[in-house]
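Printed here is entry.cif (mmCIF, C-alpha atoms and all ligand atoms):
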data_target
#
loop_
_atom_site.label_atom_id
_atom_site.label_comp_id
_atom_site.auth_asym_id
_atom_site.auth_seq_id
_atom_site.Cartn_x
_atom_site.Cartn_y
_atom_site.Cartn_z
CA MET S 15 -35.00 0.01 -69.05
CA PHE S 16 -32.46 -0.26 -71.87
CA ASN S 17 -33.68 -3.09 -74.11
CA ILE S 18 -31.14 -3.67 -76.87
CA GLU S 19 -33.35 -6.07 -78.90
CA LYS S 20 -36.17 -3.55 -78.92
CA ILE S 21 -33.81 -0.70 -79.82
CA ARG S 22 -32.33 -2.66 -82.73
CA GLU S 23 -35.88 -3.21 -84.02
CA ASP S 24 -36.13 0.57 -84.41
CA PHE S 25 -33.41 0.56 -87.11
CA PRO S 26 -34.61 -1.19 -90.30
CA ILE S 27 -31.13 -1.10 -91.87
CA LEU S 28 -29.71 -3.34 -89.12
CA LYS S 29 -31.67 -6.22 -90.64
CA ARG S 30 -29.92 -6.08 -94.01
CA GLU S 31 -27.12 -8.25 -95.27
CA VAL S 32 -23.88 -7.18 -96.96
CA HIS S 33 -22.11 -9.73 -99.20
CA GLY S 34 -24.45 -12.40 -97.82
CA LYS S 35 -23.51 -11.67 -94.19
CA PRO S 36 -25.57 -9.81 -91.57
CA LEU S 37 -24.52 -6.16 -91.49
CA VAL S 38 -22.31 -5.14 -88.58
CA TYR S 39 -22.32 -1.35 -88.66
CA PHE S 40 -19.30 0.13 -86.91
CA ASP S 41 -18.99 3.35 -88.94
CA ASN S 42 -21.14 5.43 -86.62
CA GLY S 43 -18.45 8.11 -86.39
CA ALA S 44 -18.99 8.87 -90.08
CA THR S 45 -22.77 8.78 -89.83
CA SER S 46 -25.23 7.09 -87.50
CA GLN S 47 -28.15 4.95 -88.63
CA THR S 48 -31.70 6.25 -88.78
CA PRO S 49 -34.56 4.93 -86.64
CA GLN S 50 -37.95 4.25 -88.22
CA ILE S 51 -39.54 7.14 -86.33
CA VAL S 52 -37.20 9.59 -88.10
CA ILE S 53 -37.78 7.92 -91.48
CA ASP S 54 -41.54 8.18 -90.82
CA ALA S 55 -41.22 11.90 -90.06
CA ILE S 56 -39.51 12.42 -93.43
CA VAL S 57 -42.21 10.45 -95.27
CA ASP S 58 -44.94 12.30 -93.34
CA TYR S 59 -43.52 15.69 -94.34
CA TYR S 60 -43.41 14.89 -98.05
CA SER S 61 -46.71 12.99 -97.97
CA ASN S 62 -48.77 15.47 -95.99
CA TYR S 63 -47.44 19.02 -95.57
CA ASN S 64 -44.59 19.68 -97.99
CA ALA S 65 -44.51 23.47 -98.39
CA ASN S 66 -42.11 26.38 -98.12
CA ILE S 67 -41.89 27.97 -94.69
CA HIS S 68 -42.14 31.47 -93.21
CA ARG S 69 -43.72 32.74 -96.43
CA GLY S 70 -47.18 31.37 -97.06
CA VAL S 71 -50.50 32.11 -95.45
CA HIS S 72 -51.87 28.79 -96.66
CA THR S 73 -52.39 25.86 -94.29
CA LEU S 74 -49.57 23.64 -95.55
CA SER S 75 -47.02 26.43 -95.25
CA GLN S 76 -48.18 27.24 -91.74
CA GLU S 77 -48.05 23.59 -90.69
CA ALA S 78 -44.52 23.22 -92.08
CA THR S 79 -43.42 26.49 -90.43
CA ASP S 80 -44.84 25.41 -87.06
CA LYS S 81 -43.10 22.03 -87.20
CA TYR S 82 -39.80 23.59 -88.28
CA GLU S 83 -39.89 26.14 -85.48
CA GLU S 84 -40.94 23.41 -83.01
CA ALA S 85 -37.80 21.53 -84.06
CA ARG S 86 -35.70 24.62 -83.33
CA ILE S 87 -37.17 24.74 -79.83
CA LYS S 88 -36.46 21.03 -79.29
CA ILE S 89 -32.85 21.68 -80.29
CA GLN S 90 -32.69 24.75 -78.03
CA LYS S 91 -33.94 22.71 -75.07
CA HIS S 92 -31.63 19.79 -75.83
CA PHE S 93 -28.55 22.03 -75.82
CA ASN S 94 -29.99 24.28 -73.10
CA ALA S 95 -29.54 27.47 -75.11
CA LYS S 96 -31.11 30.50 -73.45
CA ASN S 97 -33.10 31.55 -76.54
CA SER S 98 -34.40 29.61 -79.55
CA TYR S 99 -33.05 32.32 -81.89
CA GLU S 100 -29.53 31.46 -80.74
CA ILE S 101 -29.97 28.17 -82.65
CA ILE S 102 -29.16 28.66 -86.34
CA LEU S 103 -30.23 25.71 -88.45
CA THR S 104 -27.48 24.99 -90.97
CA ALA S 105 -26.47 22.29 -93.44
CA GLY S 106 -24.20 20.71 -90.80
CA THR S 107 -21.04 21.19 -88.77
CA THR S 108 -18.91 22.27 -91.75
CA HIS S 109 -21.43 24.91 -92.77
CA SER S 110 -21.75 26.16 -89.18
CA ILE S 111 -17.97 26.57 -88.76
CA ASN S 112 -17.73 28.42 -92.07
CA ILE S 113 -20.44 30.88 -91.00
CA VAL S 114 -18.38 31.84 -87.94
CA ALA S 115 -14.99 31.78 -89.71
CA SER S 116 -16.15 33.97 -92.58
CA GLY S 117 -17.82 36.37 -90.12
CA TYR S 118 -14.58 36.88 -88.23
CA ALA S 119 -12.93 38.22 -91.39
CA SER S 120 -14.50 41.57 -90.53
CA ILE S 121 -13.60 41.37 -86.82
CA LEU S 122 -10.01 40.05 -86.66
CA LYS S 123 -6.95 42.15 -87.41
CA LYS S 124 -3.46 41.41 -88.64
CA GLY S 125 -1.37 39.81 -85.90
CA ASP S 126 -4.34 38.48 -83.90
CA GLU S 127 -3.81 34.90 -82.77
CA ILE S 128 -6.08 31.89 -83.22
CA LEU S 129 -5.50 28.62 -81.35
CA VAL S 130 -6.62 25.35 -82.84
CA SER S 131 -6.18 21.90 -81.32
CA ALA S 132 -4.02 19.28 -82.98
CA LEU S 133 -6.97 16.88 -82.81
CA GLU S 134 -9.22 18.69 -85.27
CA HIS S 135 -11.20 17.43 -88.24
CA HIS S 136 -10.20 19.26 -91.43
CA SER S 137 -13.48 21.20 -91.25
CA ASN S 138 -12.21 22.86 -88.07
CA ILE S 139 -8.78 23.64 -89.55
CA VAL S 140 -9.21 24.75 -93.14
CA PRO S 141 -11.80 27.54 -92.62
CA TRP S 142 -9.50 29.13 -89.99
CA GLN S 143 -6.49 28.87 -92.30
CA MET S 144 -8.53 30.60 -94.99
CA LEU S 145 -9.48 33.28 -92.46
CA CYS S 146 -5.85 33.77 -91.38
CA GLU S 147 -4.78 34.17 -95.00
CA LYS S 148 -7.46 36.77 -95.52
CA VAL S 149 -6.76 38.94 -92.46
CA GLY S 150 -3.14 38.17 -91.61
CA ALA S 151 -3.99 36.46 -88.31
CA ILE S 152 -1.66 33.80 -86.87
CA LEU S 153 -2.76 30.18 -86.40
CA LYS S 154 -1.13 28.35 -83.49
CA VAL S 155 -1.60 24.70 -82.59
CA ILE S 156 -2.36 23.17 -79.18
CA PRO S 157 -0.21 20.02 -79.41
CA MET S 158 -1.29 16.48 -78.61
CA GLU S 159 0.25 13.75 -76.51
CA ASN S 160 0.93 10.12 -77.37
CA ASP S 161 -2.25 8.93 -75.66
CA GLY S 162 -4.39 11.21 -77.84
CA SER S 163 -4.98 13.88 -75.20
CA LEU S 164 -4.16 17.56 -75.59
CA ASN S 165 -1.12 19.04 -73.92
CA MET S 166 -2.96 21.40 -71.61
CA GLU S 167 0.17 22.91 -70.11
CA THR S 168 1.19 24.14 -73.55
CA TYR S 169 -2.36 25.37 -74.17
CA HIS S 170 -2.27 27.56 -71.07
CA GLY S 171 1.15 28.86 -72.13
CA LEU S 172 -0.07 29.77 -75.64
CA LEU S 173 -2.93 31.94 -74.38
CA ASN S 174 -2.17 35.66 -74.27
CA SER S 175 -3.81 39.03 -74.88
CA GLN S 176 -3.37 38.56 -78.65
CA THR S 177 -5.45 35.35 -78.61
CA LYS S 178 -8.84 36.15 -80.05
CA LEU S 179 -10.29 32.73 -80.85
CA VAL S 180 -9.84 29.12 -79.74
CA PHE S 181 -11.19 26.13 -81.68
CA CYS S 182 -11.41 22.67 -80.33
CA ASN S 183 -13.55 19.61 -80.83
CA HIS S 184 -15.47 18.26 -77.88
CA VAL S 185 -14.59 14.74 -79.02
CA SER S 186 -11.98 13.77 -81.63
CA ASN S 187 -13.40 11.90 -84.61
CA ALA S 188 -10.16 10.05 -85.32
CA LEU S 189 -9.37 8.83 -81.78
CA GLY S 190 -12.51 9.45 -79.69
CA THR S 191 -10.62 11.61 -77.15
CA ILE S 192 -12.98 13.64 -74.93
CA ASN S 193 -11.33 17.04 -74.58
CA PRO S 194 -11.47 19.11 -71.36
CA ILE S 195 -13.55 21.80 -73.02
CA LYS S 196 -14.71 23.47 -69.81
CA GLU S 197 -11.08 24.09 -68.83
CA ILE S 198 -10.33 25.25 -72.39
CA ILE S 199 -13.27 27.68 -72.40
CA ASP S 200 -12.62 29.11 -68.93
CA ALA S 201 -8.92 29.71 -69.65
CA ALA S 202 -9.67 31.34 -73.03
CA HIS S 203 -12.23 33.66 -71.44
CA LYS S 204 -9.63 34.84 -68.92
CA VAL S 205 -7.63 36.41 -71.78
CA GLY S 206 -10.77 37.63 -73.57
CA ALA S 207 -10.75 35.01 -76.35
CA LYS S 208 -13.92 33.39 -77.72
CA VAL S 209 -14.26 29.63 -78.12
CA LEU S 210 -15.92 27.54 -80.80
CA VAL S 211 -16.46 23.89 -79.87
CA ASP S 212 -17.04 21.35 -82.63
CA GLY S 213 -19.52 18.93 -81.09
CA ALA S 214 -20.02 16.73 -84.18
CA GLN S 215 -18.58 13.65 -82.47
CA ALA S 216 -19.72 14.46 -78.94
CA CYS S 217 -23.44 14.87 -79.52
CA PRO S 218 -24.12 11.20 -80.37
CA HIS S 219 -22.82 10.32 -76.88
CA ILE S 220 -23.11 13.36 -74.61
CA LYS S 221 -25.83 15.95 -73.98
CA PRO S 222 -23.97 19.28 -73.92
CA ASP S 223 -25.26 22.20 -71.85
CA VAL S 224 -24.08 25.31 -73.66
CA GLN S 225 -24.95 27.67 -70.78
CA GLU S 226 -23.17 25.57 -68.18
CA LEU S 227 -20.14 25.29 -70.46
CA ASP S 228 -20.36 29.04 -71.12
CA VAL S 229 -19.26 28.20 -74.66
CA ASP S 230 -19.42 30.99 -77.25
CA TYR S 231 -20.23 28.84 -80.30
CA TYR S 232 -21.16 25.16 -80.42
CA VAL S 233 -21.73 23.27 -83.67
CA ALA S 234 -22.98 19.79 -84.59
CA SER S 235 -24.57 17.67 -87.36
CA ALA S 236 -27.90 15.83 -87.19
CA HIS S 237 -26.69 12.84 -89.21
CA LYS S 238 -24.33 11.72 -86.44
CA MET S 239 -27.17 11.66 -83.92
CA CYS S 240 -29.80 9.49 -85.66
CA GLY S 241 -31.04 12.36 -87.84
CA PRO S 242 -30.81 13.00 -91.58
CA THR S 243 -27.84 14.34 -93.56
CA GLY S 244 -27.60 17.97 -94.68
CA VAL S 245 -28.78 19.58 -91.45
CA GLY S 246 -27.06 20.75 -88.28
CA LEU S 247 -26.82 23.61 -85.89
CA LEU S 248 -24.79 26.62 -85.00
CA TYR S 249 -25.38 27.73 -81.43
CA GLY S 250 -23.98 31.14 -80.62
CA LYS S 251 -24.46 33.55 -77.74
CA GLU S 252 -26.91 36.22 -78.87
CA GLU S 253 -24.49 39.14 -78.58
CA LEU S 254 -21.79 37.26 -80.51
CA LEU S 255 -24.10 36.18 -83.33
CA ASN S 256 -25.25 39.79 -83.59
CA LEU S 257 -21.62 40.87 -84.10
CA LEU S 258 -21.15 38.55 -87.09
CA PRO S 259 -22.19 39.74 -90.55
CA PRO S 260 -24.52 37.47 -92.59
CA TYR S 261 -22.81 34.56 -94.33
CA GLN S 262 -25.01 34.50 -97.44
CA GLY S 263 -27.36 37.03 -98.92
CA GLY S 264 -30.77 36.10 -100.29
CA GLY S 265 -34.39 35.57 -99.42
CA GLU S 266 -35.52 35.23 -95.80
CA MET S 267 -32.46 36.93 -94.30
CA ILE S 268 -33.62 40.48 -94.97
CA GLU S 269 -35.81 43.03 -93.29
CA THR S 270 -36.10 45.46 -96.21
CA VAL S 271 -34.55 45.54 -99.68
CA THR S 272 -34.17 48.48 -102.03
CA PHE S 273 -31.54 48.94 -104.71
CA GLU S 274 -29.94 51.56 -102.50
CA LYS S 275 -29.78 49.59 -99.26
CA THR S 276 -30.77 46.31 -97.64
CA THR S 277 -31.33 45.82 -93.95
CA TYR S 278 -30.99 42.38 -92.42
CA ALA S 279 -33.41 40.28 -90.43
CA GLY S 280 -32.68 39.50 -86.80
CA LEU S 281 -31.59 36.16 -85.39
CA PRO S 282 -31.86 33.39 -86.46
CA HIS S 283 -33.01 34.39 -89.96
CA LYS S 284 -29.98 36.59 -90.65
CA PHE S 285 -27.96 33.38 -91.09
CA GLU S 286 -30.65 31.32 -92.82
CA ALA S 287 -30.78 32.69 -96.38
CA GLY S 288 -32.88 30.79 -98.91
CA THR S 289 -35.14 27.78 -98.49
CA PRO S 290 -33.67 25.61 -95.75
CA ASN S 291 -33.69 21.84 -95.37
CA ILE S 292 -37.20 21.98 -93.92
CA CYS S 293 -37.80 18.26 -93.74
CA GLY S 294 -34.28 17.71 -92.38
CA GLY S 295 -34.81 20.24 -89.60
CA ILE S 296 -38.10 18.64 -88.56
CA ALA S 297 -36.55 15.16 -88.66
CA PHE S 298 -33.58 16.43 -86.58
CA GLY S 299 -36.07 17.38 -83.86
CA VAL S 300 -37.58 13.88 -83.99
CA ALA S 301 -34.11 12.30 -83.76
CA ILE S 302 -33.36 14.37 -80.66
CA ASP S 303 -36.63 13.23 -79.09
CA TYR S 304 -35.74 9.64 -79.94
CA MET S 305 -32.30 9.82 -78.32
CA ASN S 306 -33.65 11.56 -75.24
CA ALA S 307 -36.36 8.91 -74.86
CA ILE S 308 -33.60 6.28 -74.67
CA GLY S 309 -31.65 8.57 -72.35
CA PHE S 310 -28.06 9.75 -72.59
CA ASP S 311 -27.11 7.99 -69.35
CA GLU S 312 -28.28 4.67 -70.80
CA ILE S 313 -26.54 5.43 -74.10
CA ALA S 314 -23.27 6.19 -72.29
CA LYS S 315 -23.53 3.02 -70.18
CA GLN S 316 -24.06 0.76 -73.20
CA GLU S 317 -21.28 2.45 -75.19
CA GLU S 318 -18.81 2.33 -72.29
CA GLU S 319 -19.38 -1.41 -72.03
CA LEU S 320 -18.85 -1.85 -75.77
CA LEU S 321 -15.67 0.23 -75.64
CA ALA S 322 -14.23 -1.72 -72.70
CA TYR S 323 -15.13 -5.08 -74.24
CA GLY S 324 -13.90 -4.16 -77.73
CA THR S 325 -10.61 -2.78 -76.38
CA LYS S 326 -9.99 -5.89 -74.26
CA GLU S 327 -10.71 -8.30 -77.13
CA LEU S 328 -8.84 -6.40 -79.84
CA GLU S 329 -5.80 -5.93 -77.60
CA LYS S 330 -5.43 -9.70 -77.44
CA ILE S 331 -4.49 -9.75 -81.14
CA GLU S 332 -0.72 -9.75 -81.50
CA GLY S 333 0.57 -6.96 -83.77
CA LEU S 334 -2.57 -4.84 -83.29
CA LYS S 335 -1.97 -1.30 -82.04
CA ILE S 336 -4.69 1.02 -80.73
CA TYR S 337 -4.24 4.79 -81.19
CA GLY S 338 -5.72 7.08 -78.55
CA THR S 339 -6.00 5.63 -75.08
CA SER S 340 -6.99 8.67 -73.00
CA HIS S 341 -10.54 9.34 -71.70
CA LYS S 342 -12.69 8.73 -74.78
CA THR S 343 -16.00 7.81 -76.38
CA SER S 344 -16.74 4.46 -78.03
CA VAL S 345 -14.14 4.70 -80.80
CA ILE S 346 -11.30 2.25 -81.40
CA SER S 347 -8.78 3.42 -83.96
CA PHE S 348 -6.21 0.72 -84.71
CA ASN S 349 -3.75 -0.78 -87.15
CA ILE S 350 -2.27 -4.21 -87.75
CA GLU S 351 1.48 -4.27 -88.06
CA GLY S 352 2.68 -4.53 -91.66
CA VAL S 353 -0.77 -4.09 -93.21
CA HIS S 354 -2.41 -1.09 -94.88
CA PRO S 355 -5.67 -0.11 -93.14
CA TYR S 356 -7.47 0.03 -96.49
CA ASP S 357 -6.76 -3.67 -97.14
CA VAL S 358 -8.15 -4.64 -93.74
CA GLY S 359 -11.25 -2.50 -94.34
CA THR S 360 -11.85 -4.19 -97.69
CA ILE S 361 -11.72 -7.67 -96.15
CA LEU S 362 -13.96 -6.61 -93.26
CA ASP S 363 -16.51 -5.32 -95.76
CA LYS S 364 -16.55 -8.70 -97.54
CA LEU S 365 -17.42 -10.16 -94.13
CA GLY S 366 -20.31 -7.73 -93.67
CA ILE S 367 -18.51 -5.35 -91.29
CA ALA S 368 -18.55 -1.61 -92.01
CA VAL S 369 -15.63 0.33 -90.50
CA ARG S 370 -13.89 3.49 -91.63
CA THR S 371 -10.33 3.35 -92.93
CA GLY S 372 -8.00 6.21 -93.82
CA HIS S 373 -7.04 9.53 -92.27
CA HIS S 374 -10.60 10.36 -91.12
CA CYS S 375 -10.22 13.97 -92.34
CA ALA S 376 -7.62 14.43 -89.61
CA GLN S 377 -4.31 14.21 -91.46
CA PRO S 378 -2.29 16.06 -88.77
CA ILE S 379 -3.14 13.28 -86.28
CA MET S 380 -1.95 10.63 -88.74
CA ASP S 381 1.24 12.65 -89.34
CA TYR S 382 1.83 12.78 -85.57
CA PHE S 383 1.75 8.96 -85.42
CA CYS S 384 3.65 8.67 -88.78
CA ILE S 385 0.95 6.46 -90.29
CA PRO S 386 -1.15 6.80 -93.46
CA GLY S 387 -4.37 6.11 -91.57
CA THR S 388 -6.14 3.77 -89.19
CA ILE S 389 -9.01 1.31 -89.11
CA ARG S 390 -11.71 3.00 -87.03
CA ALA S 391 -14.49 1.02 -85.38
CA SER S 392 -16.97 3.45 -83.84
CA PHE S 393 -19.78 1.98 -81.75
CA ALA S 394 -23.29 3.29 -81.18
CA PHE S 395 -25.80 2.36 -78.47
CA TYR S 396 -27.51 -0.07 -80.88
CA ASN S 397 -24.36 -2.18 -81.30
CA THR S 398 -23.72 -5.38 -79.36
CA LYS S 399 -20.87 -7.43 -77.89
CA GLU S 400 -21.75 -10.22 -80.35
CA GLU S 401 -21.03 -7.81 -83.18
CA ILE S 402 -17.68 -6.99 -81.57
CA ASP S 403 -16.89 -10.73 -81.49
CA GLN S 404 -17.57 -10.80 -85.24
CA LEU S 405 -15.22 -7.85 -85.72
CA VAL S 406 -12.46 -9.51 -83.70
CA ASN S 407 -12.77 -12.76 -85.67
CA ALA S 408 -12.81 -10.86 -88.96
CA VAL S 409 -9.70 -8.86 -88.00
CA LYS S 410 -7.89 -12.12 -87.17
CA LYS S 411 -8.95 -13.54 -90.53
CA ALA S 412 -7.72 -10.41 -92.33
CA GLN S 413 -4.41 -10.61 -90.47
CA MET S 414 -3.95 -14.25 -91.52
CA MET S 415 -4.66 -13.36 -95.15
CA LEU S 416 -2.51 -10.23 -95.32
CA VAL S 417 0.54 -10.77 -93.11
C1 LIG V 501 -15.24 16.23 -85.41
C2 LIG V 501 -15.94 16.51 -86.70
N1 LIG V 501 -16.07 17.78 -87.10
C3 LIG V 501 -16.71 18.09 -88.24
C4 LIG V 501 -17.21 17.11 -89.07
C5 LIG V 501 -17.90 17.52 -90.33
O1 LIG V 501 -19.27 17.24 -90.23
P1 LIG V 501 -20.22 17.40 -91.48
O2 LIG V 501 -19.59 16.61 -92.59
O3 LIG V 501 -21.53 16.83 -91.03
O4 LIG V 501 -20.30 18.84 -91.80
C6 LIG V 501 -17.07 15.78 -88.72
C7 LIG V 501 -17.54 14.70 -89.59
O5 LIG V 501 -17.08 13.59 -89.55
C8 LIG V 501 -16.42 15.48 -87.50
O6 LIG V 501 -16.25 14.21 -87.11
#

Full structure transcribed into structure tokens:
Amino acid sequence: MFNIEKIREDFPILKREVHGKPLVYFDNGATSQTPQIVIDAIVDYYSNYNANIHRGVHTLSQEATDKYEEARIKIQKHFNAKNSYEIILTAGTTHSINIVASGYASILKKGDEILVSALEHHSNIVPWQMLCEKVGAILKVIPMENDGSLNMETYHGLLNSQTKLVFCNHVSNALGTINPIKEIIDAAHKVGAKVLVDGAQACPHIKPDVQELDVDYYVASAHKMCGPTGVGLLYGKEELLNLLPPYQGGGEMIETVTFEKTTYAGLPHKFEAGTPNICGGIAFGVAIDYMNAIGFDEIAKQEEELLAYGTKELEKIEGLKIYGTSHKTSVISFNIEGVHPYDVGTILDKLGIAVRTGHHCAQPIMDYFCIPGTIRASFAFYNTKEEIDQLVNAVKKAQMMLV
């Protein structure tokens, strides 16, 4: 049974005040909050078995290695990857995308085409632009519609035998749009293109099955799914990861080193040079366990209710416009006529409400709507309708002060 009071008790930060008001945390799209069980795992690591992994024969090192590799298996199971070595533990979504983008510099040729959706976060645009500059490939954009969905007809028309890669987020961070990634993947495969899906905003809400999706690469960050910052994953099909050259050279990613020649380790170590975020990886596994114990069906139900309620209440405010109305997760991106989003965000903060304002690292979306940015309220399963009431009242107050 989903017990919201009990769940809120799991998050110590939800008890704090901001400017003398109880915190209402609606910036979950930027980062989610951390349950006590994850905080405890971090404290336990540094208190009891802090050691470097994969290297030592001593007990602490072996304990840390076992826990880190257990976390990899938890992540593998969560995403339903076929093999644990197809899960590369990275510093997060941005790092994961850069591993793939830099690897394709030795695979792509001049004139090859790359398709990227208009709904992307900058971290799924810039690395591909850098790649195109390097190899002379051509970047084409899958356009968006007014409701925040992708124009799929155009997508199908853009695909051709020159298309080598397609990049798309599973869920848009700026609008919350849930993209039809299965259709995108299947169509790309028909012309022989590979697909990377950015799951940073999907994974807090949806449990992706990488085998069912038949996706080639899937990336996400722990900190958006109740885990710590600085850790994430790159899932890749074994044969595709094997095609990519290493991203960084260093310790742990080698098999043998001489001054004449170095041979590389197999998966996943080939992409994990240096000492990783050991504690972060272990805590990521605990966060995944925590979310699964609540259940993604329950999470979706609670968030759908919050989205429906928040949309209904905010829409009642005259002069308030919501951006992105297609099938979406619990994100409401909006503006108040005649007011800069930053000013609204500042007033909301004074009232204890944390929202994100600005372009959300998705400037092309803001350009499409001809706006400098939006106010983004992104809800998590631990939020409540009462908190939404506080947001609505605070927005009305801000409107009265600013208009
Ligand atoms: C859709 C999307 N992609 C990528 C990122 C980048 O994630 P990170 O900063 O954890 O690397 C974000 C972060 O907001 C995001 O929302």

Quick one: everything within 9 Å of Ile367 in chain S, counting only C-alpha atoms, minus sequence neighbours fewer than 6 positions away in the same chain. Send it as a ChimeraX atom specification.
/S:32,35-40,359,361,401,404-405,408

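Of the residues listed (S:Met414, S:Leu328, S:Ile292, S:Ala216), S:Ala216 shows the shortest atom-to-atom separation from ligand LIG 501 (chain V); distances use all atoms listed in the file.
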
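Nearest residue to ligand LIG 501 (chain V) among S:Pro222, S:Gly117, S:Pro26, S:Gly241 is S:Gly241, counting only C-alpha atoms and all ligand atoms.
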
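Using all atoms listed in the file as the basis for the distance check, residues found within 6 Å of ligand LIG 501 (chain V) are Ala44, Gly106, Thr107, Thr108, His135, Ser137, Asn183, Ser186, Asn187, Asp212, Ala214, Gln215 and Ser235 of chain S.
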
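Distances here use all atoms listed in the file; by that measure, the residue among S:Asn256, S:Cys182, S:Thr73, S:Gln90 closest to Val224 in chain S is S:Gln90.
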
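Proximity of S:Glu83, S:Asp228, S:Asp24, S:Asp41 to Ser347 in chain S, computed with only C-alpha atoms, is greatest for S:Asp41.
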
Could the residues of range 177-230 of chain S that have an atom at most 10 Å from range 91-97 of chain S be listed as a Markdown table, each with its closest atom pair and the distance in Å to one decimal, counting only C-alpha atoms and ordered by chain and ascending residue number?
| residue | atom | partner | partner_atom | distance |
| --- | --- | --- | --- | --- |
| S:Cys217 | CA | S:Phe93 | CA | 9.5 |
| S:Lys221 | CA | S:Phe93 | CA | 6.9 |
| S:Pro222 | CA | S:Phe93 | CA | 5.7 |
| S:Asp223 | CA | S:Phe93 | CA | 5.2 |
| S:Val224 | CA | S:Phe93 | CA | 6.0 |
| S:Gln225 | CA | S:Ala95 | CA | 6.3 |
| S:Glu226 | CA | S:Asn94 | CA | 8.5 |

Would you pick out the contacts of range 61-72 of chain S at 10 Å or less, using all atoms listed in the file, so that residues sharing its chain but fewer than 2 positions from it are not included, and give the list as a VMD selection string?
chain S and resid 55 to 59 74 to 83 266 289 to 293

Next, dump the selected residues to file, keeping only C-alpha atoms, as a short mmCIF file (atom, residue, chain, number, x, y, z; two decimals), keeping the file's coordinate frame.
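Output contents, as saved in part_2.cif:
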data_model
loop_
_atom_site.label_atom_id
_atom_site.label_comp_id
_atom_site.auth_asym_id
_atom_site.auth_seq_id
_atom_site.Cartn_x
_atom_site.Cartn_y
_atom_site.Cartn_z
CA ALA S 55 -41.22 11.90 -90.06
CA ILE S 56 -39.51 12.42 -93.43
CA VAL S 57 -42.21 10.45 -95.27
CA ASP S 58 -44.94 12.30 -93.34
CA TYR S 59 -43.52 15.69 -94.34
CA LEU S 74 -49.57 23.64 -95.55
CA SER S 75 -47.02 26.43 -95.25
CA GLN S 76 -48.18 27.24 -91.74
CA GLU S 77 -48.05 23.59 -90.69
CA ALA S 78 -44.52 23.22 -92.08
CA THR S 79 -43.42 26.49 -90.43
CA ASP S 80 -44.84 25.41 -87.06
CA LYS S 81 -43.10 22.03 -87.20
CA TYR S 82 -39.80 23.59 -88.28
CA GLU S 83 -39.89 26.14 -85.48
CA GLU S 266 -35.52 35.23 -95.80
CA THR S 289 -35.14 27.78 -98.49
CA PRO S 290 -33.67 25.61 -95.75
CA ASN S 291 -33.69 21.84 -95.37
CA ILE S 292 -37.20 21.98 -93.92
CA CYS S 293 -37.80 18.26 -93.74
#

Place a sphere of radius 6 Å on (-24.6, 32.6, -89.6) in the file coordinates and name every protein, DNA or RNA residue with an atom inside or on its surface, counting only C-alpha atoms; give the answer as a PyMOL selection string.
chain S and resi 113+260-261+285

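Within 12 Å of the file-frame point (-7.7, -0.1, -99.2), and using all atoms listed in the file, the polymer residues found are Val353, His354, Pro355, Tyr356, Asp357, Val358, Gly359, Thr360, Ile361, Leu362, Asp363, Val369, Arg370, Thr371, Gly372, His373, Pro386, Gly387, Thr388 and Ile389 of chain S.
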
Skip Val345 in chain S itself and residues of its chain fewer than 5 positions away, then list as a ChimeraX atom specification all residues within 12 Å of it, counting all atoms listed in the file.
/S:40-44,185-192,215-216,218-219,317-325,336-340,369-370,388-394

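When all atoms listed in the file are used to measure the gap to Ile331 in chain S, the shortest distance among S:Gln377, S:Ile385, S:Glu269, S:Asn407 belongs to S:Asn407.
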
So which residues touch Leu103 in chain S within 9 Å, counting only C-alpha atoms, skipping near sequence neighbours fewer than 6 positions away, as a ChimeraX atom specification?
/S:86,110,245-249,282,285-286,290-291,295

Since we have the selection now, will you write its residues out, keeping C-alpha atoms, as a short mmCIF file (atom, residue, chain, number, x, y, z; two decimals), in the frame of the given file?
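Writing done, so here's result37.cif:
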data_model
loop_
_atom_site.label_atom_id
_atom_site.label_comp_id
_atom_site.auth_asym_id
_atom_site.auth_seq_id
_atom_site.Cartn_x
_atom_site.Cartn_y
_atom_site.Cartn_z
CA ARG S 86 -35.70 24.62 -83.33
CA SER S 110 -21.75 26.16 -89.18
CA VAL S 245 -28.78 19.58 -91.45
CA GLY S 246 -27.06 20.75 -88.28
CA LEU S 247 -26.82 23.61 -85.89
CA LEU S 248 -24.79 26.62 -85.00
CA TYR S 249 -25.38 27.73 -81.43
CA PRO S 282 -31.86 33.39 -86.46
CA PHE S 285 -27.96 33.38 -91.09
CA GLU S 286 -30.65 31.32 -92.82
CA PRO S 290 -33.67 25.61 -95.75
CA ASN S 291 -33.69 21.84 -95.37
CA GLY S 295 -34.81 20.24 -89.60
#

In terms of only C-alpha atoms, the residue from S:Gly264, S:Pro194, S:Gly294, S:Gly333 at minimal distance from Phe348 in chain S is S:Gly333

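As for CA of Thr48 in chain S and CA of Leu365 in chain S, they are spaced 22.4 Å apart.
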
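Going from CA of Ser344 in chain S over to CA of Pro49 in chain S, you cover 19.8 Å.
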
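Taking CA of Lys335 in chain S and CA of Asn397 in chain S as the two end points, the separation is 22.4 Å.
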
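Close contacts of Lys196 in chain S, defined as residues with an atom at most 10 Å away when counting only C-alpha atoms, with chain neighbours fewer than 5 positions off set aside, comprise S:His184, S:Ala201, S:Ala202, S:Glu226, S:Leu227, S:Asp228, S:Val229.
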
Using the selection just defined, write its residues with C-alpha atoms as a tab-separated table (two decimals), in the coordinates of the input.
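Resulting contents of again_38.tsv:
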chain	number	residue	atom	x	y	z
S	184	HIS	CA	-15.47	18.26	-77.88
S	201	ALA	CA	-8.92	29.71	-69.65
S	202	ALA	CA	-9.67	31.34	-73.03
S	226	GLU	CA	-23.17	25.57	-68.18
S	227	LEU	CA	-20.14	25.29	-70.46
S	228	ASP	CA	-20.36	29.04	-71.12
S	229	VAL	CA	-19.26	28.20	-74.66
